[in-house]
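A.B. asks: So that you have it, the file is work_36.txt, and it contains compact mmCIF, C-alpha atoms (C1' of nucleotides):
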# COMPACT_ATOMS: atom_id res chain seq x y z
CA MET A 1351 -27.74 -13.39 -12.23
CA SER A 1352 -29.93 -10.49 -11.30
CA LYS A 1353 -28.55 -7.38 -9.75
CA ILE A 1354 -28.42 -7.00 -6.01
CA ARG A 1355 -31.80 -5.60 -5.05
CA PRO A 1356 -31.72 -3.00 -2.31
CA LEU A 1357 -34.49 -3.20 0.25
CA LYS A 1358 -36.73 -0.22 0.69
CA ASN A 1359 -34.70 2.50 2.33
CA GLY A 1360 -31.49 0.52 2.01
CA THR A 1361 -28.52 1.00 -0.27
CA LYS A 1362 -26.88 -2.06 -1.76
CA LYS A 1363 -24.02 -1.63 0.63
CA GLU A 1364 -26.46 -1.80 3.52
CA VAL A 1365 -27.95 -5.00 2.18
CA ILE A 1366 -24.51 -6.56 1.94
CA THR A 1367 -23.62 -5.38 5.43
CA ARG A 1368 -26.80 -6.82 6.87
CA LYS A 1369 -26.22 -10.18 5.23
CA ALA A 1370 -22.61 -10.08 6.37
CA ALA A 1371 -23.70 -9.54 9.96
CA ALA A 1372 -25.94 -12.60 9.74
CA LEU A 1373 -23.17 -14.71 8.25
CA PHE A 1374 -20.52 -13.48 10.66
CA ARG A 1375 -22.82 -14.30 13.55
CA LYS A 1376 -23.41 -17.84 12.40
CA LYS A 1377 -19.85 -18.75 11.41
CA GLY A 1378 -17.60 -16.09 12.87
CA TYR A 1379 -15.81 -13.39 10.91
CA SER A 1380 -12.66 -15.31 10.06
CA SER A 1381 -14.53 -18.44 9.11
CA SER A 1382 -16.85 -16.57 6.77
CA SER A 1383 -15.71 -16.24 3.18
CA MET A 1384 -16.62 -13.58 0.69
CA ARG A 1385 -17.73 -16.36 -1.65
CA GLU A 1386 -20.18 -17.58 0.93
CA LEU A 1387 -21.46 -14.10 1.58
CA ALA A 1388 -21.92 -13.57 -2.14
CA GLU A 1389 -23.83 -16.82 -2.40
CA GLN A 1390 -26.22 -15.70 0.34
CA ILE A 1391 -26.91 -12.60 -1.71
CA GLY A 1392 -27.18 -14.45 -5.00
CA VAL A 1393 -24.16 -13.05 -6.75
CA GLU A 1394 -20.53 -13.92 -7.50
CA ALA A 1395 -17.93 -12.84 -4.96
CA PRO A 1396 -16.10 -10.26 -7.05
CA SER A 1397 -19.38 -8.44 -7.69
CA LEU A 1398 -19.48 -7.45 -4.05
CA TYR A 1399 -16.49 -5.20 -4.63
CA ASN A 1400 -18.61 -2.90 -6.78
CA HIS A 1401 -20.25 -1.87 -3.52
CA ILE A 1402 -17.80 -2.40 -0.72
CA GLY A 1403 -14.10 -1.85 -0.26
CA SER A 1404 -13.09 -4.99 1.57
CA LYS A 1405 -14.17 -7.68 3.99
CA ALA A 1406 -12.60 -5.73 6.85
CA GLU A 1407 -14.71 -2.71 5.94
CA LEU A 1408 -17.85 -4.76 6.54
CA LEU A 1409 -16.76 -5.54 10.07
CA ASN A 1410 -15.87 -1.90 10.68
CA GLU A 1411 -19.30 -0.85 9.49
CA ILE A 1412 -21.10 -3.34 11.71
CA CYS A 1413 -19.10 -2.47 14.81
CA PHE A 1414 -19.13 1.31 14.60
CA THR A 1415 -22.72 1.70 13.49
CA LEU A 1416 -23.86 -0.20 16.55
CA ALA A 1417 -21.38 1.51 18.84
CA GLN A 1418 -22.86 4.84 17.83
CA ASP A 1419 -26.36 3.65 18.70
CA TYR A 1420 -25.19 2.71 22.18
CA ARG A 1421 -23.34 5.97 22.73
CA GLU A 1422 -26.15 8.19 21.53
CA HIS A 1423 -28.69 6.49 23.72
CA LEU A 1424 -26.46 6.65 26.76
CA GLN A 1425 -26.04 10.39 26.32
CA LEU A 1426 -29.79 10.85 26.05
CA VAL A 1427 -30.36 8.95 29.29
CA LEU A 1428 -27.56 10.59 31.23
CA VAL A 1429 -28.72 14.15 30.58
CA SER A 1430 -32.32 13.37 31.54
CA ASN A 1431 -33.84 14.38 34.87
CA LYS A 1432 -34.48 10.89 36.11
CA LYS A 1433 -33.40 9.00 39.19
CA VAL A 1434 -30.31 6.84 38.90
CA VAL A 1435 -32.32 3.65 39.22
CA GLU A 1436 -34.63 4.75 36.44
CA LYS A 1437 -31.66 5.56 34.27
CA LEU A 1438 -30.25 2.10 34.88
CA GLU A 1439 -33.59 0.56 33.98
CA GLU A 1440 -33.66 2.52 30.75
CA ILE A 1441 -30.16 1.49 29.82
CA ILE A 1442 -30.89 -2.16 30.45
CA HIS A 1443 -34.11 -1.78 28.50
CA PHE A 1444 -32.23 -0.34 25.54
CA HIS A 1445 -29.68 -3.14 25.53
CA ILE A 1446 -32.46 -5.70 25.46
CA GLN A 1447 -34.29 -3.89 22.66
CA LEU A 1448 -31.14 -3.69 20.59
CA MET A 1449 -30.48 -7.36 21.18
CA ILE A 1450 -33.92 -8.03 19.72
CA SER A 1451 -33.95 -5.56 16.85
CA SER A 1452 -30.31 -6.03 15.78
CA PHE A 1453 -29.39 -9.44 17.04
CA ASP A 1454 -26.88 -10.27 14.33
CA ALA A 1455 -25.01 -7.00 14.69
CA VAL A 1456 -25.00 -7.09 18.49
CA PHE A 1457 -23.68 -10.61 18.44
CA VAL A 1458 -20.99 -9.85 15.91
CA VAL A 1459 -19.81 -6.80 17.81
CA ASN A 1460 -19.63 -8.76 21.05
CA HIS A 1461 -17.74 -11.64 19.53
CA GLU A 1462 -15.73 -10.36 16.62
CA TRP A 1463 -14.52 -6.88 17.57
CA LYS A 1464 -11.11 -8.39 18.19
CA GLN A 1465 -10.75 -9.02 14.48
CA LEU A 1466 -10.81 -5.29 13.79
CA LYS A 1467 -7.54 -3.95 12.45
CA ASP A 1468 -5.87 -0.80 13.70
CA PRO A 1469 -6.66 2.05 13.77
CA TYR A 1470 -10.23 0.77 14.11
CA LEU A 1471 -9.40 -1.69 16.85
CA THR A 1472 -7.85 1.00 19.02
CA GLU A 1473 -10.73 3.37 18.40
CA PHE A 1474 -13.29 0.69 19.23
CA ILE A 1475 -11.59 -0.18 22.51
CA ALA A 1476 -11.43 3.49 23.45
CA GLN A 1477 -15.14 3.99 22.78
CA ARG A 1478 -16.08 0.97 24.80
CA LYS A 1479 -13.88 2.03 27.69
CA ASN A 1480 -15.58 5.39 27.59
CA TYR A 1481 -18.99 3.78 27.71
CA GLU A 1482 -17.99 1.71 30.72
CA ASN A 1483 -16.61 4.74 32.48
CA GLN A 1484 -19.83 6.66 32.04
CA LEU A 1485 -21.79 3.77 33.49
CA LEU A 1486 -19.33 3.65 36.36
CA GLN A 1487 -19.96 7.29 37.11
CA LEU A 1488 -23.70 6.72 37.06
CA ILE A 1489 -23.43 3.93 39.61
CA GLU A 1490 -21.17 6.04 41.82
CA ASP A 1491 -23.68 8.83 41.57
CA GLY A 1492 -26.42 6.46 42.69
CA ILE A 1493 -24.39 5.35 45.69
CA GLN A 1494 -23.63 8.91 46.68
CA LYS A 1495 -27.30 9.83 46.44
CA LYS A 1496 -28.04 6.78 48.60
CA GLU A 1497 -30.24 5.26 45.91
CA LEU A 1498 -27.91 2.29 45.73
CA LYS A 1499 -26.16 0.17 48.34
CA LYS A 1500 -22.49 0.74 49.03
CA ILE A 1501 -21.40 -1.79 46.44
CA ASN A 1502 -18.26 -1.86 44.35
CA PRO A 1503 -19.31 0.20 41.30
CA TYR A 1504 -16.89 -1.58 39.02
CA VAL A 1505 -18.38 -4.98 39.82
CA ALA A 1506 -21.88 -3.60 39.38
CA VAL A 1507 -21.09 -2.32 35.91
CA LEU A 1508 -19.41 -5.58 35.04
CA THR A 1509 -22.36 -7.63 36.24
CA ILE A 1510 -24.97 -5.54 34.47
CA LEU A 1511 -23.12 -5.39 31.17
CA SER A 1512 -22.39 -9.09 31.30
CA ALA A 1513 -25.98 -9.96 32.05
CA VAL A 1514 -27.43 -7.99 29.16
CA ARG A 1515 -24.74 -9.35 26.90
CA GLY A 1516 -25.73 -12.83 27.90
CA LEU A 1517 -29.15 -12.22 26.39
CA GLU A 1518 -27.74 -13.57 23.17
CA ILE A 1519 -28.27 -17.01 24.68
CA TRP A 1520 -31.94 -16.23 25.21
CA GLN A 1521 -32.16 -15.00 21.64
CA ARG A 1522 -30.43 -18.10 20.37
CA HIS A 1523 -32.72 -20.47 22.21
CA LYS A 1524 -35.74 -19.03 20.40
CA ASN A 1525 -37.43 -19.19 23.74
CA ASN A 1526 -41.11 -18.79 24.44
CA LEU A 1527 -40.38 -16.19 27.07
CA PRO A 1528 -41.64 -12.80 25.81
CA ALA A 1529 -39.16 -9.95 25.72
CA ALA A 1530 -41.17 -7.76 28.10
CA GLU A 1531 -41.28 -10.48 30.73
CA LEU A 1532 -37.57 -11.23 30.30
CA GLU A 1533 -36.75 -7.58 30.64
CA TYR A 1534 -38.83 -7.14 33.79
CA GLN A 1535 -37.32 -10.21 35.39
CA MET A 1536 -33.76 -9.36 34.56
CA ILE A 1537 -34.09 -5.79 35.81
CA GLN A 1538 -35.61 -7.10 39.02
CA HIS A 1539 -32.82 -9.61 39.43
CA LEU A 1540 -30.06 -7.11 38.77
CA LEU A 1541 -31.55 -4.39 40.92
CA THR A 1542 -33.13 -6.28 43.83
CA GLY A 1543 -31.51 -9.72 43.80
CA ILE A 1544 -33.18 -13.09 44.11
CA ILE A 1545 -32.98 -13.84 47.84
CA LYS A 1546 -36.23 -13.56 49.71
CA MET B 121 15.85 -26.50 17.11
CA SER B 122 15.58 -28.16 20.48
CA LYS B 123 12.91 -30.66 21.29
CA ILE B 124 9.68 -29.53 22.84
CA ARG B 125 10.26 -29.66 26.57
CA PRO B 126 7.35 -30.92 28.62
CA LEU B 127 6.71 -29.10 31.88
CA LYS B 128 6.82 -31.07 35.07
CA ASN B 129 3.76 -33.30 35.07
CA GLY B 130 2.89 -32.33 31.53
CA THR B 131 3.16 -34.31 28.33
CA LYS B 132 4.23 -32.57 25.16
CA LYS B 133 0.70 -32.72 23.95
CA GLU B 134 -0.40 -30.82 27.04
CA VAL B 135 2.20 -28.14 26.45
CA ILE B 136 0.98 -27.67 22.90
CA THR B 137 -2.64 -27.59 24.04
CA ARG B 138 -1.87 -24.97 26.67
CA LYS B 139 -0.06 -22.77 24.16
CA ALA B 140 -2.87 -23.29 21.71
CA ALA B 141 -5.41 -22.09 24.27
CA ALA B 142 -3.38 -18.93 24.80
CA LEU B 143 -3.09 -18.31 21.07
CA PHE B 144 -6.73 -19.10 20.35
CA ARG B 145 -7.76 -16.70 23.07
CA LYS B 146 -5.69 -13.85 21.68
CA LYS B 147 -6.50 -14.29 18.00
CA GLY B 148 -9.46 -16.61 17.80
CA TYR B 149 -9.38 -20.21 16.62
CA SER B 150 -9.87 -19.59 12.91
CA SER B 151 -7.39 -16.73 12.81
CA SER B 152 -4.70 -18.77 14.52
CA SER B 153 -2.39 -20.74 12.25
CA MET B 154 -0.47 -23.87 13.08
CA ARG B 155 2.67 -22.07 11.91
CA GLU B 156 2.07 -19.36 14.46
CA LEU B 157 1.39 -21.88 17.19
CA ALA B 158 4.59 -23.68 16.30
CA GLU B 159 6.53 -20.43 16.47
CA GLN B 160 5.23 -19.78 19.99
CA ILE B 161 6.58 -23.15 20.98
CA GLY B 162 9.86 -22.73 19.13
CA VAL B 163 9.43 -25.40 16.53
CA GLU B 164 8.39 -25.80 12.91
CA ALA B 165 4.72 -26.40 12.20
CA PRO B 166 4.96 -29.97 10.90
CA SER B 167 6.76 -31.02 14.08
CA LEU B 168 3.56 -30.47 16.02
CA TYR B 169 2.02 -33.42 14.24
CA ASN B 170 4.36 -35.77 16.04
CA HIS B 171 2.28 -35.00 19.11
CA ILE B 172 -1.21 -34.06 17.98
CA GLY B 173 -3.61 -35.25 15.35
CA SER B 174 -4.94 -32.01 14.01
CA LYS B 175 -5.78 -28.40 14.78
CA ALA B 176 -9.39 -29.36 15.42
CA GLU B 177 -8.24 -31.90 18.00
CA LEU B 178 -6.67 -29.08 20.00
CA LEU B 179 -9.98 -27.27 20.22
CA ASN B 180 -11.76 -30.48 21.18
CA GLU B 181 -9.24 -31.07 23.93
CA ILE B 182 -9.62 -27.55 25.31
CA CYS B 183 -13.40 -27.58 25.26
CA PHE B 184 -14.07 -31.00 26.70
CA THR B 185 -11.40 -30.94 29.37
CA LEU B 186 -12.93 -27.78 30.80
CA ALA B 187 -16.48 -28.98 30.34
CA GLN B 188 -15.67 -31.98 32.47
CA ASP B 189 -14.33 -29.74 35.25
CA TYR B 190 -17.59 -27.83 35.29
CA ARG B 191 -19.75 -30.93 35.28
CA GLU B 192 -17.82 -32.73 38.00
CA HIS B 193 -17.94 -29.73 40.30
CA LEU B 194 -21.65 -29.22 39.75
CA GLN B 195 -22.35 -32.82 40.68
CA LEU B 196 -20.34 -32.43 43.87
CA VAL B 197 -22.29 -29.34 44.86
CA LEU B 198 -25.71 -30.68 43.99
CA VAL B 199 -25.41 -33.84 46.09
CA SER B 200 -24.18 -31.92 49.15
CA ASN B 201 -26.40 -31.15 52.14
CA LYS B 202 -26.28 -27.39 51.78
CA LYS B 203 -28.94 -24.77 51.36
CA VAL B 204 -29.79 -23.70 47.82
CA VAL B 205 -28.30 -20.25 48.35
CA GLU B 206 -25.05 -21.78 49.59
CA LYS B 207 -24.96 -24.06 46.57
CA LEU B 208 -25.39 -21.09 44.29
CA GLU B 209 -22.59 -19.29 46.08
CA GLU B 210 -20.32 -22.27 45.62
CA ILE B 211 -21.10 -22.56 41.94
CA ILE B 212 -20.40 -18.89 41.35
CA HIS B 213 -17.22 -19.24 43.38
CA PHE B 214 -16.06 -22.14 41.22
CA HIS B 215 -16.71 -20.25 38.00
CA ILE B 216 -14.64 -17.35 39.25
CA GLN B 217 -11.81 -19.62 40.36
CA LEU B 218 -11.76 -21.38 37.01
CA MET B 219 -11.72 -18.04 35.24
CA ILE B 220 -8.61 -17.19 37.24
CA SER B 221 -6.77 -20.50 37.08
CA SER B 222 -7.64 -21.37 33.47
CA PHE B 223 -8.39 -18.05 31.84
CA ASP B 224 -7.23 -18.99 28.36
CA ALA B 225 -9.23 -22.19 28.27
CA VAL B 226 -12.36 -20.64 29.75
CA PHE B 227 -12.21 -17.83 27.24
CA VAL B 228 -11.66 -20.16 24.31
CA VAL B 229 -14.53 -22.41 25.33
CA ASN B 230 -16.86 -19.43 25.68
CA HIS B 231 -15.92 -17.91 22.35
CA GLU B 232 -14.82 -20.68 20.04
CA TRP B 233 -17.03 -23.67 20.82
CA LYS B 234 -18.96 -22.89 17.67
CA GLN B 235 -15.93 -23.87 15.65
CA LEU B 236 -16.16 -27.44 16.91
CA LYS B 237 -17.04 -29.94 14.21
CA ASP B 238 -19.64 -32.62 14.60
CA PRO B 239 -19.94 -34.95 16.41
CA TYR B 240 -18.10 -32.83 18.96
CA LEU B 241 -20.26 -29.76 18.40
CA THR B 242 -23.46 -31.67 19.06
CA GLU B 243 -22.01 -33.35 22.13
CA PHE B 244 -20.79 -30.03 23.51
CA ILE B 245 -24.16 -28.35 23.07
CA ALA B 246 -25.86 -31.28 24.77
CA GLN B 247 -23.52 -31.10 27.75
CA ARG B 248 -24.04 -27.39 28.13
CA LYS B 249 -27.80 -27.72 27.90
CA ASN B 250 -27.63 -30.35 30.57
CA TYR B 251 -25.60 -28.06 32.81
CA GLU B 252 -28.11 -25.26 32.36
CA ASN B 253 -30.99 -27.58 33.13
CA GLN B 254 -29.41 -28.71 36.38
CA LEU B 255 -28.96 -25.09 37.41
CA LEU B 256 -32.56 -24.44 36.49
CA GLN B 257 -33.72 -27.23 38.76
CA LEU B 258 -31.63 -25.86 41.58
CA ILE B 259 -33.23 -22.45 41.28
CA GLU B 260 -36.70 -23.98 41.11
CA ASP B 261 -35.84 -25.97 44.20
CA GLY B 262 -34.84 -22.77 45.96
CA ILE B 263 -38.10 -21.08 45.05
CA GLN B 264 -40.14 -24.04 46.23
CA LYS B 265 -38.27 -24.07 49.54
CA LYS B 266 -38.98 -20.35 49.82
CA GLU B 267 -35.27 -19.52 49.95
CA LEU B 268 -35.65 -17.52 46.77
CA LYS B 269 -38.20 -15.04 45.51
CA LYS B 270 -40.78 -16.13 42.97
CA ILE B 271 -38.61 -15.15 40.03
CA ASN B 272 -38.45 -16.66 36.59
CA PRO B 273 -35.89 -19.44 37.05
CA TYR B 274 -34.80 -19.33 33.45
CA VAL B 275 -33.92 -15.65 33.65
CA ALA B 276 -32.08 -16.21 36.92
CA VAL B 277 -29.91 -18.92 35.38
CA LEU B 278 -29.30 -16.75 32.35
CA THR B 279 -28.30 -13.78 34.45
CA ILE B 280 -25.99 -15.71 36.74
CA LEU B 281 -24.24 -17.60 33.95
CA SER B 282 -23.86 -14.42 31.93
CA ALA B 283 -22.43 -12.52 34.86
CA VAL B 284 -19.75 -15.05 35.66
CA ARG B 285 -18.96 -15.39 32.00
CA GLY B 286 -18.46 -11.66 31.84
CA LEU B 287 -15.61 -11.99 34.28
CA GLU B 288 -13.37 -12.38 31.28
CA ILE B 289 -13.56 -8.61 30.99
CA TRP B 290 -12.30 -8.25 34.54
CA GLN B 291 -9.48 -10.66 33.75
CA ARG B 292 -8.62 -8.82 30.57
CA HIS B 293 -8.41 -5.46 32.28
CA LYS B 294 -5.68 -6.73 34.59
CA ASN B 295 -7.56 -4.92 37.29
CA ASN B 296 -6.35 -4.13 40.78
CA LEU B 297 -9.51 -5.58 42.26
CA PRO B 298 -8.61 -8.77 44.15
CA ALA B 299 -10.46 -11.92 43.21
CA ALA B 300 -11.90 -12.45 46.69
CA GLU B 301 -13.39 -8.96 46.75
CA LEU B 302 -14.76 -9.35 43.23
CA GLU B 303 -16.30 -12.64 44.14
CA TYR B 304 -17.95 -11.32 47.28
CA GLN B 305 -19.33 -8.29 45.48
CA MET B 306 -20.66 -10.23 42.55
CA ILE B 307 -22.36 -12.82 44.71
CA GLN B 308 -23.94 -10.03 46.73
CA HIS B 309 -25.13 -8.31 43.59
CA LEU B 310 -26.57 -11.43 42.03
CA LEU B 311 -28.24 -12.65 45.21
CA THR B 312 -29.39 -9.46 46.92
CA GLY B 313 -29.39 -6.78 44.22
CA ILE B 314 -28.03 -3.27 44.41
CA ILE B 315 -31.03 -1.18 45.43
CA LYS B 316 -30.98 0.06 48.98
C1' DT C 1465 -33.53 3.87 -29.53
C1' DT C 1466 -29.21 5.14 -28.00
C1' DG C 1467 -25.39 5.82 -25.00
C1' DA C 1468 -23.33 5.99 -20.76
C1' DA C 1469 -22.97 4.35 -16.12
C1' DA C 1470 -23.64 0.71 -12.91
C1' DA C 1471 -23.02 -3.74 -11.82
C1' DA C 1472 -22.77 -8.16 -13.05
C1' DC C 1473 -19.63 -11.79 -15.01
C1' DT C 1474 -15.16 -15.00 -15.86
C1' DA C 1475 -10.45 -15.75 -15.16
C1' DA C 1476 -6.64 -15.33 -12.61
C1' DT C 1477 -3.19 -14.05 -8.99
C1' DA C 1478 -0.51 -14.21 -4.92
C1' DA C 1479 -0.62 -15.51 -0.40
C1' DG C 1480 -1.73 -18.46 3.30
C1' DC C 1481 -3.77 -22.56 5.09
C1' DG C 1482 -3.55 -27.51 7.35
C1' DT C 1483 -1.26 -31.33 6.52
C1' DT C 1484 1.81 -35.23 4.44
C1' DA C 1485 6.10 -37.37 2.85
C1' DG C 1486 10.56 -38.22 3.33
C1' DT C 1487 14.86 -37.26 5.68
C1' DT C 1488 17.98 -35.90 9.32
C1' DT C 1489 18.97 -34.97 14.01
C1' DT C 1490 18.55 -35.94 18.82
C1' DG C 1491 17.99 -38.54 23.04
C1' DT C 1492 18.39 -42.84 25.48
C1' DA C 1493 19.05 -47.50 26.82
C1' DA C 1494 21.86 -51.67 26.01
C1' DT D 655 29.76 -47.18 20.95
C1' DT D 656 25.80 -48.81 18.82
C1' DA D 657 21.09 -49.07 17.65
C1' DC D 658 16.53 -47.85 17.94
C1' DA D 659 12.84 -44.67 18.66
C1' DA D 660 11.32 -40.07 19.16
C1' DA D 661 11.03 -35.85 17.30
C1' DA D 662 12.90 -32.47 14.80
C1' DC D 663 13.70 -30.77 9.96
C1' DT D 664 12.80 -29.29 4.68
C1' DA D 665 9.96 -29.50 0.78
C1' DA D 666 5.86 -29.71 -1.09
C1' DC D 667 0.85 -30.66 -2.06
C1' DG D 668 -3.80 -29.46 -2.69
C1' DC D 669 -7.00 -26.22 -1.30
C1' DT D 670 -9.02 -21.88 0.04
C1' DT D 671 -8.59 -17.15 0.64
C1' DA D 672 -9.42 -12.01 -0.50
C1' DT D 673 -8.90 -9.40 -4.16
C1' DT D 674 -7.80 -7.51 -9.06
C1' DA D 675 -8.20 -7.16 -14.13
C1' DG D 676 -10.71 -7.19 -17.95
C1' DT D 677 -15.11 -8.00 -20.22
C1' DT D 678 -20.02 -8.41 -20.80
C1' DT D 679 -24.62 -7.52 -19.37
C1' DT D 680 -28.10 -4.71 -17.36
C1' DT D 681 -30.35 -0.50 -16.16
C1' DC D 682 -32.14 3.82 -17.05
C1' DA D 683 -32.33 8.60 -18.50
C1' DA D 684 -32.38 11.41 -22.63
Can you present the structure in this file as structure tokens?

C.D. replies:
Amino acid sequence: MSKIRPLKNGTKKEVITRKAAALFRKKGYSSSSMRELAEQIGVEAPSLYNHIGSKAELLNEICFTLAQDYREHLQLVLVSNKKVVEKLEEIIHFHIQLMISSFDAVFVVNHEWKQLKDPYLTEFIAQRKNYENQLLQLIEDGIQKKELKKINPYVAVLTILSAVRGLEIWQRHKNNLPAAELEYQMIQHLLTGIIK
Amino acid sequence: MSKIRPLKNGTKKEVITRKAAALFRKKGYSSSSMRELAEQIGVEAPSLYNHIGSKAELLNEICFTLAQDYREHLQLVLVSNKKVVEKLEEIIHFHIQLMISSFDAVFVVNHEWKQLKDPYLTEFIAQRKNYENQLLQLIEDGIQKKELKKINPYVAVLTILSAVRGLEIWQRHKNNLPAAELEYQMIQHLLTGIIK
DNA sequence: TTGAAAAACTAATAAGCGTTAGTTTTGTAA
DNA sequence: TTACAAAACTAACGCTTATTAGTTTTTCAA
């Protein structure tokens, strides 16, 4: 067999991680075997261990790399001088873009984070809770500034996060609907409702 | 060990299925072992097979029992003489109620349906597609009757289904927010938006 | 061309899996 | 009390798992 060929600008470990994300998405983390992952790459399973430490490490990598993307973007938006509604639009936009550009990873993080082992599991939950809390504050800010209705901020965060998360279904369906149109429609729905 | 005691109005198989749903929710289907399930019930693993056929059968049972609940309720709502908006409210209401009354099962169906084996997997996907299509028609009906804005019906269905599905997070957080309040707020958000 | 490092290979291990076989215990009705 | 059926038990099978050990091949710079 030939050696694992790294893509341009990608270490071998990154290639393995990317393929792992794709496999984990299709079959789930626990149902994916290292043998199967190796086969996807064109190598025998033990060869993977020249580049990675363990199967669990792959999941850690996938989860925390993506979590950092989310956190960094949120910080950027929050410190900007925009209106609350514009900030919300930007956040939703980013979630949709990430769903498109990193579908496998987004899906795996959403579905398989529970398979993380401590201390990673605890850390992941803490980071996510923090993200939710920052969104909560943003919504409360919008209500206080009278940009938003007097809604329950917790439910608003829940609804928005759930909706963007649900985009995986749209991705899965390989729909004809273009991303820009989807994004516009979903933002409209979440911000202004559907009743005439 | 003592025999498996059926609850009032519950066969032994139902007890096992209920415990399985709880275990599958906490650990995922593939990461749950029959030995662990047996331990939860207070019995040795092989004893389970006096009551069930296989591990896969448990997942089938969980998925299709719940799917039938959804389908039956949708039929009931669709044939009623209500306005489209009222029908939507009722559907959202039912999803929330089911999330409360059958949290384990709802969660397992949402997360583990992929682990179904054919022909059950194919049948499940078909049923879900059918459910989505009926919702789509309802939304289109609402637009035509000018009850709803001229939105993209597909995105509306996606957003609504995703939002109610995301209620698992609310359930998980063991929040103080009462179900009735959550339900009212979420319906308001989904139907009328959050912008003032 | 050589030599060292990187990365592939084969073989194997220990643990865990769902499940079956065969046996013993338990519950119940006659 | 007896007898039958239900349901528990122990032991084990065949398979898959992630991972390690040890060896060979490949790559690449000197």

A.B. asks: Considering all atoms listed in the file, can you say which of B:Leu179, B:Val199, B:Met154, B:Ala141 comes closest to chain C?

C.D. replies: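 Once distances to chain C are computed over all atoms listed in the file, the minimum belongs to B:Met154.
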
A.B. asks: Name the residues in contact with segment 655-661 of chain D at a cut-off of 8 Å, using all atoms listed in the file, excluding same-chain residues fewer than 6 positions from it; report them as a list of chain:residue names.

C.D. replies: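 The neighbour list is B:Lys123, B:Ser167, B:Asn170, C:DT1490, C:DG1491.
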
A.B. asks: Residues of the last selection are to be written out with C-alpha atoms (C1' of nucleotides), as a short mmCIF file (atom, residue, chain, number, x, y, z; two decimals), keeping the file's coordinate frame.

C.D. replies:
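And here's again-v4.cif as it stands now:
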data_model
loop_
_atom_site.label_atom_id
_atom_site.label_comp_id
_atom_site.auth_asym_id
_atom_site.auth_seq_id
_atom_site.Cartn_x
_atom_site.Cartn_y
_atom_site.Cartn_z
CA LYS B 123 12.91 -30.66 21.29
CA SER B 167 6.76 -31.02 14.08
CA ASN B 170 4.36 -35.77 16.04
"C1'" DT C 1490 18.55 -35.94 18.82
"C1'" DG C 1491 17.99 -38.54 23.04
#

A.B. asks: Residues proximal to (-18.4, 3.1, 15.2) were defined as those with any atom within 12 Å of that point in the file's coordinates, counting all atoms listed in the file. Which are they, as number ranges by chain?

C.D. replies: A: 1407-1422, 1459, 1463, 1466, 1469-1478

A.B. asks: What are the closest atom pairs, with distances in Å to one decimal, for all residues of chain D lying within 9 Å of chain A? Consider all atoms listed in the file, order rows by chain and residue number, and present the result as CSV.

C.D. replies:
residue,atom,partner,partner_atom,distance
D:DT671,C1',A:Ser1383,CA,7.6
D:DA672,C1',A:Met1384,CA,7.5
D:DT673,C1',A:Pro1396,CA,7.8
D:DT674,C1',A:Pro1396,CA,9.0
D:DT680,C1',A:Lys1353,CA,8.1

A.B. asks: So which residues touch Met1449 of chain A within 10 Å, counting all atoms listed in the file, skipping near sequence neighbours fewer than 3 positions away, as a short mmCIF file (atom, residue, chain, number, x, y, z; two decimals) with C-alpha atoms, in the frame of the given file?

C.D. replies:
data_model
loop_
_atom_site.label_atom_id
_atom_site.label_comp_id
_atom_site.auth_asym_id
_atom_site.auth_seq_id
_atom_site.Cartn_x
_atom_site.Cartn_y
_atom_site.Cartn_z
CA HIS A 1443 -34.11 -1.78 28.50
CA PHE A 1444 -32.23 -0.34 25.54
CA HIS A 1445 -29.68 -3.14 25.53
CA ILE A 1446 -32.46 -5.70 25.46
CA SER A 1452 -30.31 -6.03 15.78
CA PHE A 1453 -29.39 -9.44 17.04
CA ASP A 1454 -26.88 -10.27 14.33
CA ALA A 1455 -25.01 -7.00 14.69
CA VAL A 1456 -25.00 -7.09 18.49
CA PHE A 1457 -23.68 -10.61 18.44
CA VAL A 1514 -27.43 -7.99 29.16
CA ARG A 1515 -24.74 -9.35 26.90
CA GLY A 1516 -25.73 -12.83 27.90
CA LEU A 1517 -29.15 -12.22 26.39
CA GLU A 1518 -27.74 -13.57 23.17
CA TRP A 1520 -31.94 -16.23 25.21
CA GLN A 1521 -32.16 -15.00 21.64
#

A.B. asks: Taking all atoms listed in the file into account, name the residue in A:Val1365, A:Ala1506, A:Val1458, A:Ile1537 that is nearest to Glu1440 of chain A.

C.D. replies: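 Closest to Glu1440 of chain A, using all atoms listed in the file: A:Ile1537.
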
A.B. asks: Could you list, as a ChimeraX atom specification, the residues of chain B having an atom within 7 Å of chain A when counting all atoms listed in the file?

C.D. replies: /B:150-151,267-269,271-272,275,278-279,282-283,286,302,305-306,309-316

A.B. asks: Rounded to one decimal in Å, what is the spacing between atom CA of Lys133 of chain B and atom CA of Ile172 of chain B?

C.D. replies: 6.4 Å

A.B. asks: So, counting all atoms listed in the file, which residue among A:Leu1424, A:Ile1366, A:Leu1398, A:Ile1441 is closest to Asn1480 of chain A?

C.D. replies: A:Leu1424

A.B. asks: Report, in Å with one decimal, the straight-line distance from atom CA of Ala1530 of chain A to atom CA of Lys1437 of chain A.

C.D. replies: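 The value is 17.5 Å.
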